[in-house]
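Colleague: For reference, the structure I am asking about is given below.
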Amino acid sequence: MPQGLPLPDFHHERVEVITGRRSGLFLTVALHSSVLGSALGGARLWTYPHWSDALGDALRLSAAMTLKNAAAGLDAGGGKSVIALPPGTQLDDERRRDAFLDLGDAVESLEGLYRTAEDVGSTTEDMLVVSERTEHVVGLPDAVGGSGEPAGPTSLGVYESLRATLEHSTGSPEVDGRRITISGLGQVGSRLAVRLSAEGARLTVTDVNPAKRDLALQLGAEWISAGEEHLIPADVFVPAGIGGLLTDEVIDALDARAVCGPANNPLADHSGADRLAARGILYAPDFVVNAGGVIYLDSVAKHIGTRDEVMERVAGIGGTVRRIFAEASERGVTPLEAAEALAAERLRAAEHRHAFVG
């Protein structure tokens, strides 16, 4: 998640910024769009050097959620919430609980226009705390009848996207023998690494947490120091950790045929898509690739289909990626522009319907 970046342009419907009355922490809930329906986007708990960095992160992430949910075909708008920790802050159990109770109050203040869920730094158990203050939360633990952790569906969508990316860039979707670098071994990145290893991929992995090296050893993957992973020759580079990883400098040095990963906003700047294209590096847009989690959470919350049917819909992300690559080639634009056009088309249609009804 980018830090120290200027605040993005403001195109949001509503943004709540509060100091939690229990925790004393900075909290923000950013509602970017509810044109397609009640917004859906996770709650991020992270350390930021300044509260404005947390606000900027929420604004960027909520706008990305609008694109993600629209491109995924969901009747859901885009939003995001962030709980900001000052540098060096460690939450004990009581203050952590207070923080998520405060978040529940902030979500409730939007009166159903935004639904939250777990995200980076938060868990399904934290969402159970949020549910004490608002019903507008999804992804509660399995033990209480919730949909549980969405990392599995997210990982499935990334896997199918990666196969589509390989197919477009190499002519075959098979991962056996392919060189794949994964930057970030969190819930999604680690699941993806296990699956790719089992299918014969030649993995290079890294994470800012050195303890993740144990997983690399288990998988027989090469471990590389964080910050150097983009220099390793790869068929696909998979950003699976923090956003903003693909700076101009990283893109210029990137030794990969393609980029496809679950990290939100991996491009430090929107122009990075053009920079990748100029270097002949195929880019699978993040908000399409990582949509498996929201498809799963939204479908389960709305009781749309059986679990098998929901997972089949998640797997269909690979087909969406193929369509985006084809349209980008046909129109002579970047895949990012083609994906944004797909989302914009749904948003325009919804706005037209609302105007007509009005």
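Residue numbering restarts at 1 in every chain; chains get A, B, ... in the order shown in the structure tokens, and ligands count up from 1 in that same order.
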Using backbone DSSP assignments, extract all strand (DSSP E or B) residues from region 57-284 of chain A; output them as a PyMOL selection string.

Modeller: chain A and resi 78-85+114-116+118+137+179-183+202-206+222-223+234-239+246+256-259+267+282-283

Colleague: Neighbouring residues of Arg257 (chain A) were defined as those with any atom within 8 Å, considering only C-alpha atoms; residues of the same chain fewer than 2 positions away were excluded. Please report them as a PyMOL selection string.

Modeller: chain A and resi 169+234-237+255+259+280-282

Colleague: Show me, as a VMD selection string, the residues that have an atom within 12 Å of Ala106 (chain A) when counting only C-alpha atoms, minus same-chain residues fewer than 3 positions from it.

Modeller: chain A and resid 15 to 21 26 to 31 43 80 to 83 99 to 103 109 to 116 130 to 131 133 to 134 136 to 137

Colleague: I need the residues from that last selection saved to file as a short mmCIF file (atom, residue, chain, number, x, y, z; two decimals), in the first residue's frame (with N, CA, C and O atoms), if you can.

Modeller:
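Written output follows (result29.cif):
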```
data_model
loop_
_atom_site.label_atom_id
_atom_site.label_comp_id
_atom_site.auth_asym_id
_atom_site.auth_seq_id
_atom_site.Cartn_x
_atom_site.Cartn_y
_atom_site.Cartn_z
N VAL A 15 -16.92 10.30 2.47
CA VAL A 15 -15.78 9.81 3.23
C VAL A 15 -15.97 10.22 4.69
O VAL A 15 -16.17 11.39 5.00
N GLU A 16 -15.90 9.23 5.58
CA GLU A 16 -15.97 9.48 7.01
C GLU A 16 -14.56 9.40 7.59
O GLU A 16 -13.83 8.43 7.34
N VAL A 17 -14.16 10.40 8.34
CA VAL A 17 -12.85 10.43 9.00
C VAL A 17 -13.09 10.70 10.48
O VAL A 17 -13.67 11.73 10.83
N ILE A 18 -12.68 9.76 11.33
CA ILE A 18 -12.95 9.92 12.76
C ILE A 18 -11.74 9.51 13.60
O ILE A 18 -10.83 8.83 13.12
N THR A 19 -11.75 9.95 14.84
CA THR A 19 -10.87 9.40 15.86
C THR A 19 -11.73 8.45 16.68
O THR A 19 -12.75 8.85 17.25
N GLY A 20 -11.35 7.17 16.70
CA GLY A 20 -12.15 6.19 17.42
C GLY A 20 -12.32 6.57 18.88
O GLY A 20 -11.33 6.83 19.58
N ARG A 21 -13.55 6.60 19.35
CA ARG A 21 -13.81 7.09 20.71
C ARG A 21 -13.31 6.10 21.76
O ARG A 21 -13.05 6.48 22.91
N PHE A 26 -6.93 6.76 14.35
CA PHE A 26 -7.50 7.35 13.15
C PHE A 26 -8.20 6.26 12.35
O PHE A 26 -7.62 5.22 12.05
N LEU A 27 -9.46 6.51 11.98
CA LEU A 27 -10.22 5.60 11.14
C LEU A 27 -10.85 6.38 9.99
O LEU A 27 -11.30 7.52 10.18
N THR A 28 -10.89 5.76 8.84
CA THR A 28 -11.61 6.37 7.72
C THR A 28 -12.37 5.31 6.95
O THR A 28 -11.91 4.17 6.81
N VAL A 29 -13.56 5.67 6.51
CA VAL A 29 -14.37 4.83 5.63
C VAL A 29 -14.62 5.64 4.37
O VAL A 29 -15.22 6.72 4.42
N ALA A 30 -14.12 5.14 3.25
CA ALA A 30 -14.24 5.85 1.98
C ALA A 30 -15.24 5.13 1.08
O ALA A 30 -15.02 3.98 0.69
N LEU A 31 -16.34 5.80 0.79
CA LEU A 31 -17.34 5.29 -0.15
C LEU A 31 -17.10 5.96 -1.49
O LEU A 31 -17.36 7.16 -1.64
N ALA A 43 -11.55 -3.98 5.32
CA ALA A 43 -11.05 -3.07 6.35
C ALA A 43 -9.57 -3.36 6.57
O ALA A 43 -9.19 -4.46 6.97
N LYS A 80 -13.85 1.29 0.94
CA LYS A 80 -12.73 0.73 1.71
C LYS A 80 -12.68 1.43 3.04
O LYS A 80 -13.02 2.62 3.16
N SER A 81 -12.23 0.71 4.06
CA SER A 81 -12.01 1.33 5.35
C SER A 81 -10.59 1.05 5.82
O SER A 81 -10.00 0.02 5.47
N VAL A 82 -10.03 1.98 6.57
CA VAL A 82 -8.66 1.88 7.04
C VAL A 82 -8.59 2.29 8.50
O VAL A 82 -9.14 3.32 8.90
N ILE A 83 -7.92 1.47 9.30
CA ILE A 83 -7.56 1.82 10.67
C ILE A 83 -6.06 2.05 10.66
O ILE A 83 -5.29 1.15 10.30
N ALA A 99 -10.67 -0.94 18.56
CA ALA A 99 -10.52 -0.37 17.22
C ALA A 99 -11.59 -0.89 16.27
O ALA A 99 -12.17 -0.13 15.48
N PHE A 100 -11.90 -2.18 16.36
CA PHE A 100 -12.90 -2.74 15.44
C PHE A 100 -14.32 -2.44 15.89
O PHE A 100 -15.23 -2.40 15.04
N LEU A 101 -14.54 -2.20 17.17
CA LEU A 101 -15.84 -1.67 17.59
C LEU A 101 -16.03 -0.27 17.04
O LEU A 101 -17.12 0.09 16.56
N ASP A 102 -14.97 0.54 17.08
CA ASP A 102 -15.03 1.89 16.49
C ASP A 102 -15.31 1.81 15.00
O ASP A 102 -16.10 2.60 14.45
N LEU A 103 -14.67 0.85 14.33
CA LEU A 103 -14.92 0.69 12.90
C LEU A 103 -16.38 0.32 12.65
O LEU A 103 -17.02 0.84 11.72
N SER A 109 -22.64 4.19 10.40
CA SER A 109 -23.05 5.58 10.12
C SER A 109 -23.38 5.78 8.64
O SER A 109 -24.06 6.75 8.30
N LEU A 110 -22.93 4.86 7.77
CA LEU A 110 -23.24 4.98 6.35
C LEU A 110 -24.56 4.30 5.98
O LEU A 110 -24.95 4.28 4.82
N GLU A 111 -25.23 3.74 6.97
CA GLU A 111 -26.61 3.24 6.84
C GLU A 111 -26.78 2.26 5.69
O GLU A 111 -27.75 2.31 4.94
N GLY A 112 -25.83 1.34 5.54
CA GLY A 112 -25.97 0.28 4.55
C GLY A 112 -25.37 0.58 3.19
O GLY A 112 -25.38 -0.29 2.31
N LEU A 113 -24.85 1.77 2.99
CA LEU A 113 -24.24 2.09 1.70
C LEU A 113 -22.88 1.42 1.51
O LEU A 113 -22.37 1.34 0.40
N TYR A 114 -22.31 0.91 2.62
CA TYR A 114 -21.00 0.26 2.55
C TYR A 114 -20.98 -0.96 3.45
O TYR A 114 -21.44 -0.92 4.60
N ARG A 115 -20.46 -2.08 2.92
CA ARG A 115 -20.26 -3.31 3.69
C ARG A 115 -18.76 -3.58 3.77
O ARG A 115 -18.05 -3.49 2.77
N THR A 116 -18.31 -3.92 4.95
CA THR A 116 -16.89 -4.17 5.14
C THR A 116 -16.61 -5.66 5.26
O THR A 116 -17.51 -6.49 5.37
N VAL A 130 -16.70 -6.35 14.65
CA VAL A 130 -17.41 -5.31 13.90
C VAL A 130 -18.91 -5.58 13.90
O VAL A 130 -19.74 -4.66 14.02
N SER A 131 -19.28 -6.85 13.78
CA SER A 131 -20.70 -7.21 13.69
C SER A 131 -21.47 -6.92 14.96
O SER A 131 -22.71 -6.94 14.97
N ARG A 133 -21.51 -4.07 16.24
CA ARG A 133 -21.94 -2.68 16.10
C ARG A 133 -22.71 -2.40 14.81
O ARG A 133 -23.35 -1.36 14.68
N THR A 134 -22.63 -3.33 13.83
CA THR A 134 -23.32 -3.12 12.55
C THR A 134 -23.58 -4.46 11.89
O THR A 134 -22.80 -5.42 12.06
N HIS A 136 -23.70 -4.56 8.65
CA HIS A 136 -23.17 -4.37 7.31
C HIS A 136 -21.72 -4.84 7.22
O HIS A 136 -20.78 -4.06 6.98
N VAL A 137 -21.55 -6.13 7.45
CA VAL A 137 -20.23 -6.75 7.43
C VAL A 137 -20.38 -8.16 6.88
O VAL A 137 -21.36 -8.86 7.17
#
```

Colleague: What's the 9 Å shell around region 150-157 of chain A, counting only C-alpha atoms, without same-chain residues fewer than 6 positions away, as a list in words?

Modeller: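 With the cut-off at 9 Å, the set is Glu118, Gly139, Gln187, Val188, Gly189, Ser190, Arg191, Leu192, Pro262, Val288, Val289, Asn290, Ala291, Gly292, Gly293, Val294, Ile295, Tyr296, Leu297, Met311, Val314, Ala315, Gly316, Ile317 and Gly318 of chain A.
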
Colleague: With C-alpha atoms retained, write the just-selected residues as a short mmCIF file (atom, residue, chain, number, x, y, z; two decimals), in the first residue's frame.

Modeller:
```
data_model
loop_
_atom_site.label_atom_id
_atom_site.label_comp_id
_atom_site.auth_asym_id
_atom_site.auth_seq_id
_atom_site.Cartn_x
_atom_site.Cartn_y
_atom_site.Cartn_z
CA GLU A 118 -11.41 -8.59 6.38
CA GLY A 139 -16.87 -12.69 5.81
CA GLN A 187 -2.70 -15.59 2.74
CA VAL A 188 -3.08 -15.43 -1.04
CA GLY A 189 0.55 -15.53 -2.15
CA SER A 190 1.33 -18.58 -0.02
CA ARG A 191 -1.68 -20.52 -1.32
CA LEU A 192 -0.70 -19.67 -4.88
CA PRO A 262 -3.24 -10.19 -6.35
CA VAL A 288 -9.63 -8.11 -12.36
CA VAL A 289 -7.07 -10.68 -11.21
CA ASN A 290 -7.81 -10.37 -7.49
CA ALA A 291 -11.63 -10.22 -7.64
CA GLY A 292 -12.19 -13.80 -6.46
CA GLY A 293 -12.59 -12.78 -2.84
CA VAL A 294 -15.27 -10.17 -3.42
CA ILE A 295 -17.13 -12.43 -5.86
CA TYR A 296 -17.17 -15.10 -3.16
CA LEU A 297 -18.13 -12.78 -0.29
CA MET A 311 -16.25 -21.12 -7.15
CA VAL A 314 -14.54 -17.22 -9.46
CA ALA A 315 -12.65 -19.48 -11.88
CA GLY A 316 -14.31 -17.56 -14.71
CA ILE A 317 -11.98 -14.65 -13.93
CA GLY A 318 -9.51 -16.36 -16.25
#
```

Colleague: In Å, with one decimal, what is the gap from CA of Leu7 (chain A) to CA of Asp53 (chain A)?

Modeller: 7.8 Å

Colleague: Taking only C-alpha atoms into account, name the residue in A:His168, A:His11, A:Arg22, A:Arg95 that is nearest to Cys260 (chain A).

Modeller: A:His168

Colleague: Show me, as a PyMOL selection string, the residues that have an atom within 10 Å of Ala278 (chain A) when counting only C-alpha atoms, minus same-chain residues fewer than 4 positions from it.

Modeller: chain A and resi 252+272-274+282+334

Colleague: Just C-alpha atoms for this one: save the residues we selected as a CSV table (one decimal), in the first residue's frame.

Modeller:
```
chain,number,residue,atom,x,y,z
A,252,ASP,CA,12.6,-0.4,-16.0
A,272,GLY,CA,3.2,2.3,-15.3
A,273,ALA,CA,0.8,0.3,-17.5
A,274,ASP,CA,2.2,2.2,-20.6
A,282,LEU,CA,2.1,-8.0,-20.5
A,334,THR,CA,-3.0,-1.5,-22.7
```
